[in-house]
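**Q** Sharing a structure below in structure tokens format, with a few things to ask.
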Amino acid sequence: MSVKEKSTIVLFSGDMDKAIAAFIIANGAAAYDHEVTIFFTFWGLNALRKDELVPTKKGFLERMFGKMMPRGVNKMGLSKMNFGGMGPKMIKHLMKKHNVLTLPQLIELAQEQGVKLVACTMTMDLLGLQKEELLNGIDYAGVGAYLGDATDAKVNLFI
Amino acid sequence: MSVKEKSTIVLFSGDMDKAIAAFIIANGAAAYDHEVTIFFTFWGLNALRKDELVPTKKGFLERMFGKMMPRGVNKMGLSKMNFGGMGPKMIKHLMKKHNVLTLPQLIELAQEQGVKLVACTMTMDLLGLQKEELLNGIDYAGVGAYLGDATDAKVNLFI
Amino acid sequence: MSVKEKSTIVLFSGDMDKAIAAFIIANGAAAYDHEVTIFFTFWGLNALRKDELVPTKKGFLERMFGKMMPRGVNKMGLSKMNFGGMGPKMIKHLMKKHNVLTLPQLIELAQEQGVKLVACTMTMDLLGLQKEELLNGIDYAGVGAYLGDATDAKVNLFI
């Protein structure tokens, strides 16, 4: 009985292009039969947000952050050449043209392949994000759980 | 007698939020009894600067860089939603509200836990930063020493 | 007969300072006799572009991206303190003054030391970059090949 290789990715960035890179690497590793965990922290949590407005009770600052941060991957910008939102449209167009899976499809594939998507509970608190606002079927944990996975893993990336 | 696990982080970024992530992971790993090294290079060196002005002799460009770069973690900006300095204030307020340690406290805790803080001597030269300007109790080394640590480590991140 | 240690770097960023860090680490690891691979994806591919204009046939969006992205490391900007192009000039001046190899020299040294430079074929497609536009002597592969290298490696970084 062989033991599976493990890989972990910390997705800190809230940029669409970096999220695409994270999910392409994660899906690739899962296809190679790695046990894969993506740990979403800080702005990376926005990739897990539902795109509809979920009514919640929050403090003032948390409400402001909630409003200003993108709700889900379709509203995220690029780390380079964003051009006030034109860049992401261009990249999405190019991904379609070249038959690359879209980011929502990459997330769905990751969940189907058993990639563990973990929301960092400490930064959820900090930014005022609540479970109801995030995608279904994800896990919640702190840095300790991440380190447990990372210590056993062969490939650990911070994106 | 068991051998300690090792972890290393390269802190390249000069953003407050990324420095927070680096120190939270480093302190978590130290709490799990890893031997942890943070290697500060390029803009990440600013996290090690004392917040008072230290008089030094420098060339013109080095003096300019010294003036324009933030002196210490309290003057660093956010990678996202900086809003001309409002963002860092908001994040600091939220960290206090949610009982997260501040960045200076996280650095102090790291030093207490024996996390090795190493300033990259090559980029210190390049940016004209001198030992007198950096926190006490840190180490100085080059990329070779970093690679020695990283080759033995389980978790290696570039932040 | 000893087996060589391996190291991999994903260079996602198109910033000059991050490319410098990637090549300094890669050259350091190669000097310590590691087998080193740098996998260039997204904006990182620009570090591999020739600096002259290479005539190619492309779709409209691909041509736009090709025009707007920097052709080679000498045209790349800094992640911080870019100042509309003054920052890179200042850094280059400081690197010369402090006898640090320039980025083109670092790339040449990497190739001499046998560092494998791999262009990500999927993002080449996406951004419309063609082999004729990239440096000679590099490899072409997808995420699968990267993961094969990374799974065997000790040090894996995402820059």
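Residue names in the structure tokens use chain letters A, B, ... in the order shown, residue numbers from 1 in each chain, and ligand numbers from 1 in the order shown.
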Could you pull the residues within 12 Å of segment 28-31 of chain B, counting only C-alpha atoms, minus those fewer than 5 positions along the same chain, as an MDAnalysis selection string?

**A** (chainID A and resid 142:151) or (chainID B and resid 4:9 21:23 36:38 106 109:116 153:156)

**Q** Could you list, as a list in words, every residue within 7 Å of Asp139 of chain B, counting only C-alpha atoms and ignoring same-chain residues fewer than 2 positions away?

**A**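 Near neighbours after the sequence-gap exclusion: Leu117, Val118, Ala119, Gly137 and Ala141 of chain B.
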
**Q** At a cut-off of 8 Å, list the chain B residues touching chain A, using only C-alpha atoms, as a CSV table (one decimal) with C-alpha atoms, in the first residue's frame.

**A**
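Saved as out_8.csv:
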chain,number,residue,atom,x,y,z
B,17,ASP,CA,-0.1,42.1,5.4
B,24,ILE,CA,2.1,34.1,12.0
B,25,ILE,CA,3.3,31.1,10.0
B,28,GLY,CA,3.1,28.7,14.5
B,29,ALA,CA,5.9,26.6,13.2
B,80,LYS,CA,-4.2,45.5,-1.3
B,90,MET,CA,-8.0,49.8,9.6
B,91,ILE,CA,-6.2,46.4,9.7
B,94,LEU,CA,-9.3,45.1,13.4
B,95,MET,CA,-6.3,43.1,14.8
B,98,HIS,CA,-10.0,40.5,17.4
B,154,LYS,CA,10.4,20.6,5.3
B,155,VAL,CA,8.5,23.8,4.7
B,156,ASN,CA,10.1,26.6,2.5
B,157,LEU,CA,8.1,29.6,1.5
B,158,PHE,CA,8.8,32.8,-0.5
B,159,ILE,CA,6.6,35.6,0.6

**Q** Can you measure atom CA of Val73 of chain B to atom CA of Leu53 of chain B for me? One decimal in Å is fine.

**A** 14.1 Å

**Q** For Thr56 of chain B, which of B:Gln105, B:Thr121, B:Ser79, B:Gln130 is the closest residue, counting only C-alpha atoms?

**A** B:Gln130

**Q** Running DSSP on the backbone, which parts of chain A land in helix (DSSP H, G or I), as a PDB file with N, CA and C atoms, in the first residue's frame?

**A**
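Wrote it out as part.pdb, contents follow:
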ATOM      1  N   MET A  16      -6.783  37.569  -9.601  1.00  0.00           N
ATOM      2  CA  MET A  16      -7.341  36.495 -10.428  1.00  0.00           C
ATOM      3  C   MET A  16      -6.253  35.633 -11.051  1.00  0.00           C
ATOM      4  N   ASP A  17      -5.202  36.273 -11.573  1.00  0.00           N
ATOM      5  CA  ASP A  17      -4.158  35.499 -12.244  1.00  0.00           C
ATOM      6  C   ASP A  17      -3.427  34.565 -11.283  1.00  0.00           C
ATOM      7  N   LYS A  18      -3.209  35.035 -10.052  1.00  0.00           N
ATOM      8  CA  LYS A  18      -2.532  34.165  -9.088  1.00  0.00           C
ATOM      9  C   LYS A  18      -3.452  33.034  -8.639  1.00  0.00           C
ATOM     10  N   ALA A  19      -4.759  33.305  -8.545  1.00  0.00           N
ATOM     11  CA  ALA A  19      -5.708  32.244  -8.195  1.00  0.00           C
ATOM     12  C   ALA A  19      -5.735  31.192  -9.301  1.00  0.00           C
ATOM     13  N   ILE A  20      -5.701  31.648 -10.567  1.00  0.00           N
ATOM     14  CA  ILE A  20      -5.655  30.694 -11.687  1.00  0.00           C
ATOM     15  C   ILE A  20      -4.418  29.793 -11.556  1.00  0.00           C
ATOM     16  N   ALA A  21      -3.261  30.413 -11.313  1.00  0.00           N
ATOM     17  CA  ALA A  21      -2.027  29.635 -11.166  1.00  0.00           C
ATOM     18  C   ALA A  21      -2.162  28.622 -10.029  1.00  0.00           C
ATOM     19  N   ALA A  22      -2.718  29.067  -8.893  1.00  0.00           N
ATOM     20  CA  ALA A  22      -2.863  28.175  -7.735  1.00  0.00           C
ATOM     21  C   ALA A  22      -3.741  26.975  -8.081  1.00  0.00           C
ATOM     22  N   PHE A  23      -4.873  27.222  -8.751  1.00  0.00           N
ATOM     23  CA  PHE A  23      -5.783  26.117  -9.049  1.00  0.00           C
ATOM     24  C   PHE A  23      -5.243  25.202 -10.160  1.00  0.00           C
ATOM     25  N   ILE A  24      -4.484  25.771 -11.099  1.00  0.00           N
ATOM     26  CA  ILE A  24      -3.903  24.903 -12.129  1.00  0.00           C
ATOM     27  C   ILE A  24      -2.851  23.976 -11.511  1.00  0.00           C
ATOM     28  N   ILE A  25      -2.023  24.515 -10.613  1.00  0.00           N
ATOM     29  CA  ILE A  25      -1.032  23.661  -9.940  1.00  0.00           C
ATOM     30  C   ILE A  25      -1.741  22.630  -9.052  1.00  0.00           C
ATOM     31  N   ALA A  26      -2.768  23.082  -8.310  1.00  0.00           N
ATOM     32  CA  ALA A  26      -3.478  22.165  -7.405  1.00  0.00           C
ATOM     33  C   ALA A  26      -4.152  21.036  -8.187  1.00  0.00           C
ATOM     34  N   ASN A  27      -4.830  21.387  -9.280  1.00  0.00           N
ATOM     35  CA  ASN A  27      -5.489  20.355 -10.081  1.00  0.00           C
ATOM     36  C   ASN A  27      -4.479  19.421 -10.733  1.00  0.00           C
ATOM     37  N   GLY A  28      -3.359  19.977 -11.159  1.00  0.00           N
ATOM     38  CA  GLY A  28      -2.309  19.133 -11.729  1.00  0.00           C
ATOM     39  C   GLY A  28      -1.797  18.142 -10.689  1.00  0.00           C
ATOM     40  N   ALA A  29      -1.533  18.620  -9.488  1.00  0.00           N
ATOM     41  CA  ALA A  29      -1.024  17.738  -8.426  1.00  0.00           C
ATOM     42  C   ALA A  29      -2.064  16.674  -8.068  1.00  0.00           C
ATOM     43  N   ALA A  30      -3.342  17.068  -8.040  1.00  0.00           N
ATOM     44  CA  ALA A  30      -4.399  16.090  -7.724  1.00  0.00           C
ATOM     45  C   ALA A  30      -4.469  15.025  -8.824  1.00  0.00           C
ATOM     46  N   ALA A  31      -4.285  15.447 -10.072  1.00  0.00           N
ATOM     47  CA  ALA A  31      -4.304  14.494 -11.185  1.00  0.00           C
ATOM     48  C   ALA A  31      -3.144  13.507 -11.065  1.00  0.00           C
ATOM     49  N   PHE A  42      -6.101  35.892   4.135  1.00  0.00           N
ATOM     50  CA  PHE A  42      -6.171  37.301   3.723  1.00  0.00           C
ATOM     51  C   PHE A  42      -6.985  37.448   2.431  1.00  0.00           C
ATOM     52  N   TRP A  43      -6.457  38.159   1.433  1.00  0.00           N
ATOM     53  CA  TRP A  43      -7.227  38.487   0.226  1.00  0.00           C
ATOM     54  C   TRP A  43      -7.580  37.249  -0.582  1.00  0.00           C
ATOM     55  N   GLY A  44      -6.849  36.165  -0.380  1.00  0.00           N
ATOM     56  CA  GLY A  44      -7.151  34.904  -1.055  1.00  0.00           C
ATOM     57  C   GLY A  44      -8.536  34.382  -0.703  1.00  0.00           C
ATOM     58  N   LEU A  45      -9.017  34.733   0.491  1.00  0.00           N
ATOM     59  CA  LEU A  45     -10.368  34.313   0.903  1.00  0.00           C
ATOM     60  C   LEU A  45     -11.433  34.778  -0.077  1.00  0.00           C
ATOM     61  N   ASN A  46     -11.174  35.895  -0.759  1.00  0.00           N
ATOM     62  CA  ASN A  46     -12.179  36.402  -1.704  1.00  0.00           C
ATOM     63  C   ASN A  46     -12.484  35.420  -2.829  1.00  0.00           C
ATOM     64  N   ALA A  47     -11.523  34.537  -3.130  1.00  0.00           N
ATOM     65  CA  ALA A  47     -11.758  33.526  -4.166  1.00  0.00           C
ATOM     66  C   ALA A  47     -12.836  32.537  -3.739  1.00  0.00           C
ATOM     67  N   LEU A  48     -13.082  32.452  -2.431  1.00  0.00           N
ATOM     68  CA  LEU A  48     -14.087  31.504  -1.922  1.00  0.00           C
ATOM     69  C   LEU A  48     -15.443  32.157  -1.696  1.00  0.00           C
ATOM     70  N   PHE A  60     -18.839  47.966  11.660  1.00  0.00           N
ATOM     71  CA  PHE A  60     -18.702  48.940  10.574  1.00  0.00           C
ATOM     72  C   PHE A  60     -17.504  48.653   9.660  1.00  0.00           C
ATOM     73  N   LEU A  61     -16.326  48.474  10.252  1.00  0.00           N
ATOM     74  CA  LEU A  61     -15.122  48.250   9.456  1.00  0.00           C
ATOM     75  C   LEU A  61     -15.229  46.950   8.663  1.00  0.00           C
ATOM     76  N   GLU A  62     -15.755  45.907   9.309  1.00  0.00           N
ATOM     77  CA  GLU A  62     -15.914  44.616   8.640  1.00  0.00           C
ATOM     78  C   GLU A  62     -16.875  44.754   7.452  1.00  0.00           C
ATOM     79  N   ARG A  63     -17.933  45.584   7.632  1.00  0.00           N
ATOM     80  CA  ARG A  63     -18.897  45.785   6.543  1.00  0.00           C
ATOM     81  C   ARG A  63     -18.208  46.504   5.377  1.00  0.00           C
ATOM     82  N   MET A  64     -17.377  47.491   5.730  1.00  0.00           N
ATOM     83  CA  MET A  64     -16.637  48.216   4.689  1.00  0.00           C
ATOM     84  C   MET A  64     -15.712  47.294   3.910  1.00  0.00           C
ATOM     85  N   PHE A  65     -14.924  46.499   4.635  1.00  0.00           N
ATOM     86  CA  PHE A  65     -14.038  45.540   3.954  1.00  0.00           C
ATOM     87  C   PHE A  65     -14.873  44.611   3.070  1.00  0.00           C
ATOM     88  N   GLY A  66     -15.986  44.128   3.610  1.00  0.00           N
ATOM     89  CA  GLY A  66     -16.846  43.206   2.856  1.00  0.00           C
ATOM     90  C   GLY A  66     -17.332  43.825   1.558  1.00  0.00           C
ATOM     91  N   LYS A  67     -17.617  45.131   1.614  1.00  0.00           N
ATOM     92  CA  LYS A  67     -18.102  45.811   0.408  1.00  0.00           C
ATOM     93  C   LYS A  67     -17.002  46.036  -0.599  1.00  0.00           C
ATOM     94  N   MET A  68     -15.813  46.385  -0.095  1.00  0.00           N
ATOM     95  CA  MET A  68     -14.748  46.776  -1.008  1.00  0.00           C
ATOM     96  C   MET A  68     -14.019  45.592  -1.612  1.00  0.00           C
ATOM     97  N   VAL A  73     -14.404  34.913  -7.558  1.00  0.00           N
ATOM     98  CA  VAL A  73     -13.325  34.971  -8.540  1.00  0.00           C
ATOM     99  C   VAL A  73     -13.667  35.798  -9.777  1.00  0.00           C
ATOM    100  N   ASN A  74     -14.967  35.890 -10.110  1.00  0.00           N
ATOM    101  CA  ASN A  74     -15.316  36.638 -11.316  1.00  0.00           C
ATOM    102  C   ASN A  74     -15.136  38.136 -11.159  1.00  0.00           C
ATOM    103  N   LYS A  75     -15.020  38.590  -9.919  1.00  0.00           N
ATOM    104  CA  LYS A  75     -14.873  40.032  -9.707  1.00  0.00           C
ATOM    105  C   LYS A  75     -13.440  40.415  -9.336  1.00  0.00           C
ATOM    106  N   PHE A  83      -5.855  47.401 -15.972  1.00  0.00           N
ATOM    107  CA  PHE A  83      -6.523  48.430 -16.789  1.00  0.00           C
ATOM    108  C   PHE A  83      -7.976  48.655 -16.349  1.00  0.00           C
ATOM    109  N   GLY A  84      -8.161  48.894 -15.056  1.00  0.00           N
ATOM    110  CA  GLY A  84      -9.495  49.195 -14.546  1.00  0.00           C
ATOM    111  C   GLY A  84     -10.539  48.143 -14.878  1.00  0.00           C
ATOM    112  N   GLY A  85     -10.110  46.882 -14.961  1.00  0.00           N
ATOM    113  CA  GLY A  85     -11.075  45.808 -15.174  1.00  0.00           C
ATOM    114  C   GLY A  85     -11.088  45.254 -16.591  1.00  0.00           C
ATOM    115  N   MET A  86     -10.437  45.943 -17.547  1.00  0.00           N
ATOM    116  CA  MET A  86     -10.366  45.428 -18.916  1.00  0.00           C
ATOM    117  C   MET A  86      -9.481  44.177 -18.977  1.00  0.00           C
ATOM    118  N   GLY A  87      -8.375  44.196 -18.211  1.00  0.00           N
ATOM    119  CA  GLY A  87      -7.421  43.081 -18.226  1.00  0.00           C
ATOM    120  C   GLY A  87      -8.100  41.742 -17.929  1.00  0.00           C
ATOM    121  N   PRO A  88      -8.862  41.665 -16.815  1.00  0.00           N
ATOM    122  CA  PRO A  88      -9.521  40.392 -16.500  1.00  0.00           C
ATOM    123  C   PRO A  88     -10.456  39.932 -17.622  1.00  0.00           C
ATOM    124  N   LYS A  89     -11.164  40.882 -18.255  1.00  0.00           N
ATOM    125  CA  LYS A  89     -12.058  40.507 -19.372  1.00  0.00           C
ATOM    126  C   LYS A  89     -11.242  39.914 -20.513  1.00  0.00           C
ATOM    127  N   MET A  90     -10.079  40.543 -20.806  1.00  0.00           N
ATOM    128  CA  MET A  90      -9.228  40.045 -21.884  1.00  0.00           C
ATOM    129  C   MET A  90      -8.708  38.647 -21.564  1.00  0.00           C
ATOM    130  N   ILE A  91      -8.271  38.475 -20.334  1.00  0.00           N
ATOM    131  CA  ILE A  91      -7.733  37.156 -19.949  1.00  0.00           C
ATOM    132  C   ILE A  91      -8.835  36.089 -20.033  1.00  0.00           C
ATOM    133  N   LYS A  92     -10.045  36.438 -19.566  1.00  0.00           N
ATOM    134  CA  LYS A  92     -11.145  35.462 -19.632  1.00  0.00           C
ATOM    135  C   LYS A  92     -11.439  35.091 -21.075  1.00  0.00           C
ATOM    136  N   HIS A  93     -11.415  36.111 -21.956  1.00  0.00           N
ATOM    137  CA  HIS A  93     -11.653  35.865 -23.370  1.00  0.00           C
ATOM    138  C   HIS A  93     -10.585  34.928 -23.938  1.00  0.00           C
ATOM    139  N   LEU A  94      -9.319  35.215 -23.576  1.00  0.00           N
ATOM    140  CA  LEU A  94      -8.215  34.385 -24.089  1.00  0.00           C
ATOM    141  C   LEU A  94      -8.291  32.965 -23.550  1.00  0.00           C
ATOM    142  N   MET A  95      -8.721  32.810 -22.281  1.00  0.00           N
ATOM    143  CA  MET A  95      -8.824  31.471 -21.697  1.00  0.00           C
ATOM    144  C   MET A  95      -9.882  30.656 -22.451  1.00  0.00           C
ATOM    145  N   LYS A  96     -10.993  31.304 -22.799  1.00  0.00           N
ATOM    146  CA  LYS A  96     -12.060  30.638 -23.549  1.00  0.00           C
ATOM    147  C   LYS A  96     -11.533  30.223 -24.923  1.00  0.00           C
ATOM    148  N   LYS A  97     -10.880  31.191 -25.598  1.00  0.00           N
ATOM    149  CA  LYS A  97     -10.368  30.947 -26.938  1.00  0.00           C
ATOM    150  C   LYS A  97      -9.385  29.775 -26.964  1.00  0.00           C
ATOM    151  N   LEU A 103     -11.922  30.028 -14.146  1.00  0.00           N
ATOM    152  CA  LEU A 103     -11.610  29.888 -12.725  1.00  0.00           C
ATOM    153  C   LEU A 103     -12.747  29.175 -11.968  1.00  0.00           C
ATOM    154  N   PRO A 104     -14.027  29.517 -12.187  1.00  0.00           N
ATOM    155  CA  PRO A 104     -15.078  28.746 -11.502  1.00  0.00           C
ATOM    156  C   PRO A 104     -15.033  27.254 -11.868  1.00  0.00           C
ATOM    157  N   GLN A 105     -14.698  26.949 -13.128  1.00  0.00           N
ATOM    158  CA  GLN A 105     -14.581  25.536 -13.519  1.00  0.00           C
ATOM    159  C   GLN A 105     -13.381  24.874 -12.848  1.00  0.00           C
ATOM    160  N   LEU A 106     -12.276  25.630 -12.724  1.00  0.00           N
ATOM    161  CA  LEU A 106     -11.086  25.087 -12.054  1.00  0.00           C
ATOM    162  C   LEU A 106     -11.391  24.769 -10.590  1.00  0.00           C
ATOM    163  N   ILE A 107     -12.195  25.639  -9.942  1.00  0.00           N
ATOM    164  CA  ILE A 107     -12.562  25.410  -8.535  1.00  0.00           C
ATOM    165  C   ILE A 107     -13.442  24.164  -8.423  1.00  0.00           C
ATOM    166  N   GLU A 108     -14.408  24.051  -9.353  1.00  0.00           N
ATOM    167  CA  GLU A 108     -15.304  22.891  -9.340  1.00  0.00           C
ATOM    168  C   GLU A 108     -14.503  21.598  -9.541  1.00  0.00           C
ATOM    169  N   LEU A 109     -13.580  21.638 -10.506  1.00  0.00           N
ATOM    170  CA  LEU A 109     -12.748  20.458 -10.767  1.00  0.00           C
ATOM    171  C   LEU A 109     -11.937  20.096  -9.529  1.00  0.00           C
ATOM    172  N   ALA A 110     -11.391  21.120  -8.864  1.00  0.00           N
ATOM    173  CA  ALA A 110     -10.595  20.878  -7.659  1.00  0.00           C
ATOM    174  C   ALA A 110     -11.453  20.165  -6.614  1.00  0.00           C
ATOM    175  N   GLN A 111     -12.683  20.652  -6.427  1.00  0.00           N
ATOM    176  CA  GLN A 111     -13.553  20.017  -5.426  1.00  0.00           C
ATOM    177  C   GLN A 111     -13.888  18.580  -5.839  1.00  0.00           C
ATOM    178  N   GLU A 112     -14.130  18.355  -7.129  1.00  0.00           N
ATOM    179  CA  GLU A 112     -14.410  16.995  -7.609  1.00  0.00           C
ATOM    180  C   GLU A 112     -13.223  16.054  -7.393  1.00  0.00           C
ATOM    181  N   THR A 121      -9.482  30.670   9.475  1.00  0.00           N
ATOM    182  CA  THR A 121     -10.490  31.248  10.374  1.00  0.00           C
ATOM    183  C   THR A 121     -10.018  32.561  11.004  1.00  0.00           C
ATOM    184  N   MET A 122      -8.717  32.687  11.245  1.00  0.00           N
ATOM    185  CA  MET A 122      -8.240  33.935  11.856  1.00  0.00           C
ATOM    186  C   MET A 122      -8.457  35.133  10.938  1.00  0.00           C
ATOM    187  N   THR A 123      -8.107  34.978   9.650  1.00  0.00           N
ATOM    188  CA  THR A 123      -8.305  36.134   8.765  1.00  0.00           C
ATOM    189  C   THR A 123      -9.777  36.316   8.398  1.00  0.00           C
ATOM    190  N   MET A 124     -10.588  35.249   8.454  1.00  0.00           N
ATOM    191  CA  MET A 124     -12.038  35.429   8.297  1.00  0.00           C
ATOM    192  C   MET A 124     -12.560  36.380   9.368  1.00  0.00           C
ATOM    193  N   ASP A 125     -12.160  36.122  10.608  1.00  0.00           N
ATOM    194  CA  ASP A 125     -12.497  37.002  11.732  1.00  0.00           C
ATOM    195  C   ASP A 125     -12.074  38.440  11.466  1.00  0.00           C
ATOM    196  N   LEU A 126     -10.805  38.562  11.056  1.00  0.00           N
ATOM    197  CA  LEU A 126     -10.189  39.872  10.890  1.00  0.00           C
ATOM    198  C   LEU A 126     -10.935  40.694   9.838  1.00  0.00           C
ATOM    199  N   LEU A 127     -11.227  40.056   8.706  1.00  0.00           N
ATOM    200  CA  LEU A 127     -11.867  40.765   7.596  1.00  0.00           C
ATOM    201  C   LEU A 127     -13.387  40.709   7.711  1.00  0.00           C
ATOM    202  N   LYS A 131     -19.134  32.337   7.434  1.00  0.00           N
ATOM    203  CA  LYS A 131     -19.256  31.071   6.675  1.00  0.00           C
ATOM    204  C   LYS A 131     -20.344  31.141   5.617  1.00  0.00           C
ATOM    205  N   GLU A 132     -21.448  31.818   5.926  1.00  0.00           N
ATOM    206  CA  GLU A 132     -22.566  31.907   4.975  1.00  0.00           C
ATOM    207  C   GLU A 132     -22.142  32.579   3.668  1.00  0.00           C
ATOM    208  N   GLU A 133     -21.109  33.409   3.736  1.00  0.00           N
ATOM    209  CA  GLU A 133     -20.682  34.153   2.545  1.00  0.00           C
ATOM    210  C   GLU A 133     -19.755  33.332   1.653  1.00  0.00           C
ATOM    211  N   VAL A 143      -3.790  28.230  11.335  1.00  0.00           N
ATOM    212  CA  VAL A 143      -2.447  28.029  10.820  1.00  0.00           C
ATOM    213  C   VAL A 143      -1.856  26.696  11.291  1.00  0.00           C
ATOM    214  N   GLY A 144      -2.287  26.226  12.457  1.00  0.00           N
ATOM    215  CA  GLY A 144      -1.775  24.963  12.987  1.00  0.00           C
ATOM    216  C   GLY A 144      -2.094  23.794  12.061  1.00  0.00           C
ATOM    217  N   ALA A 145      -3.342  23.752  11.580  1.00  0.00           N
ATOM    218  CA  ALA A 145      -3.752  22.677  10.668  1.00  0.00           C
ATOM    219  C   ALA A 145      -2.951  22.762   9.369  1.00  0.00           C
ATOM    220  N   TYR A 146      -2.771  24.000   8.874  1.00  0.00           N
ATOM    221  CA  TYR A 146      -1.963  24.171   7.664  1.00  0.00           C
ATOM    222  C   TYR A 146      -0.567  23.610   7.859  1.00  0.00           C
ATOM    223  N   LEU A 147       0.061  23.964   8.998  1.00  0.00           N
ATOM    224  CA  LEU A 147       1.444  23.522   9.234  1.00  0.00           C
ATOM    225  C   LEU A 147       1.525  22.009   9.356  1.00  0.00           C
ATOM    226  N   GLY A 148       0.490  21.396   9.928  1.00  0.00           N
ATOM    227  CA  GLY A 148       0.441  19.937  10.009  1.00  0.00           C
ATOM    228  C   GLY A 148       0.499  19.323   8.616  1.00  0.00           C
ATOM    229  N   ASP A 149      -0.316  19.860   7.706  1.00  0.00           N
ATOM    230  CA  ASP A 149      -0.307  19.354   6.326  1.00  0.00           C
ATOM    231  C   ASP A 149       1.031  19.645   5.637  1.00  0.00           C
ATOM    232  N   ALA A 150       1.526  20.877   5.809  1.00  0.00           N
ATOM    233  CA  ALA A 150       2.730  21.296   5.086  1.00  0.00           C
ATOM    234  C   ALA A 150       3.960  20.487   5.506  1.00  0.00           C
ATOM    235  N   THR A 151       4.027  20.151   6.789  1.00  0.00           N
ATOM    236  CA  THR A 151       5.201  19.423   7.287  1.00  0.00           C
ATOM    237  C   THR A 151       5.312  18.044   6.636  1.00  0.00           C
ATOM    238  N   ASP A 152       4.168  17.455   6.282  1.00  0.00           N
ATOM    239  CA  ASP A 152       4.173  16.145   5.612  1.00  0.00           C
ATOM    240  C   ASP A 152       4.288  16.244   4.097  1.00  0.00           C
TER     241      ASP A 152
END

**Q** Please give the complete set of residues from segment 6-36 of chain C that DSSP, run on the backbone, assigns to strand (DSSP E or B), formatted as a list of chain:residue names.

**A**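 Output for segment 6-36 of chain C, strand (DSSP E or B) only: C:Lys6, C:Ser7, C:Thr8, C:Ile9, C:Val10, C:Leu11, C:Glu35, C:Val36.
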
**Q** Quick one: pull the distance between atom CA of Leu129 of chain B and atom CA of Thr102 of chain B, Å, one decimal.

**A**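 One can read the atom CA of Leu129 of chain B to atom CA of Thr102 of chain B distance as 24.5 Å.
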
**Q** For the atom pair atom CA of Ile138 of chain C and atom CA of Lys50 of chain C, what is the interatomic distance in Å to one decimal place?

**A** 12.1 Å
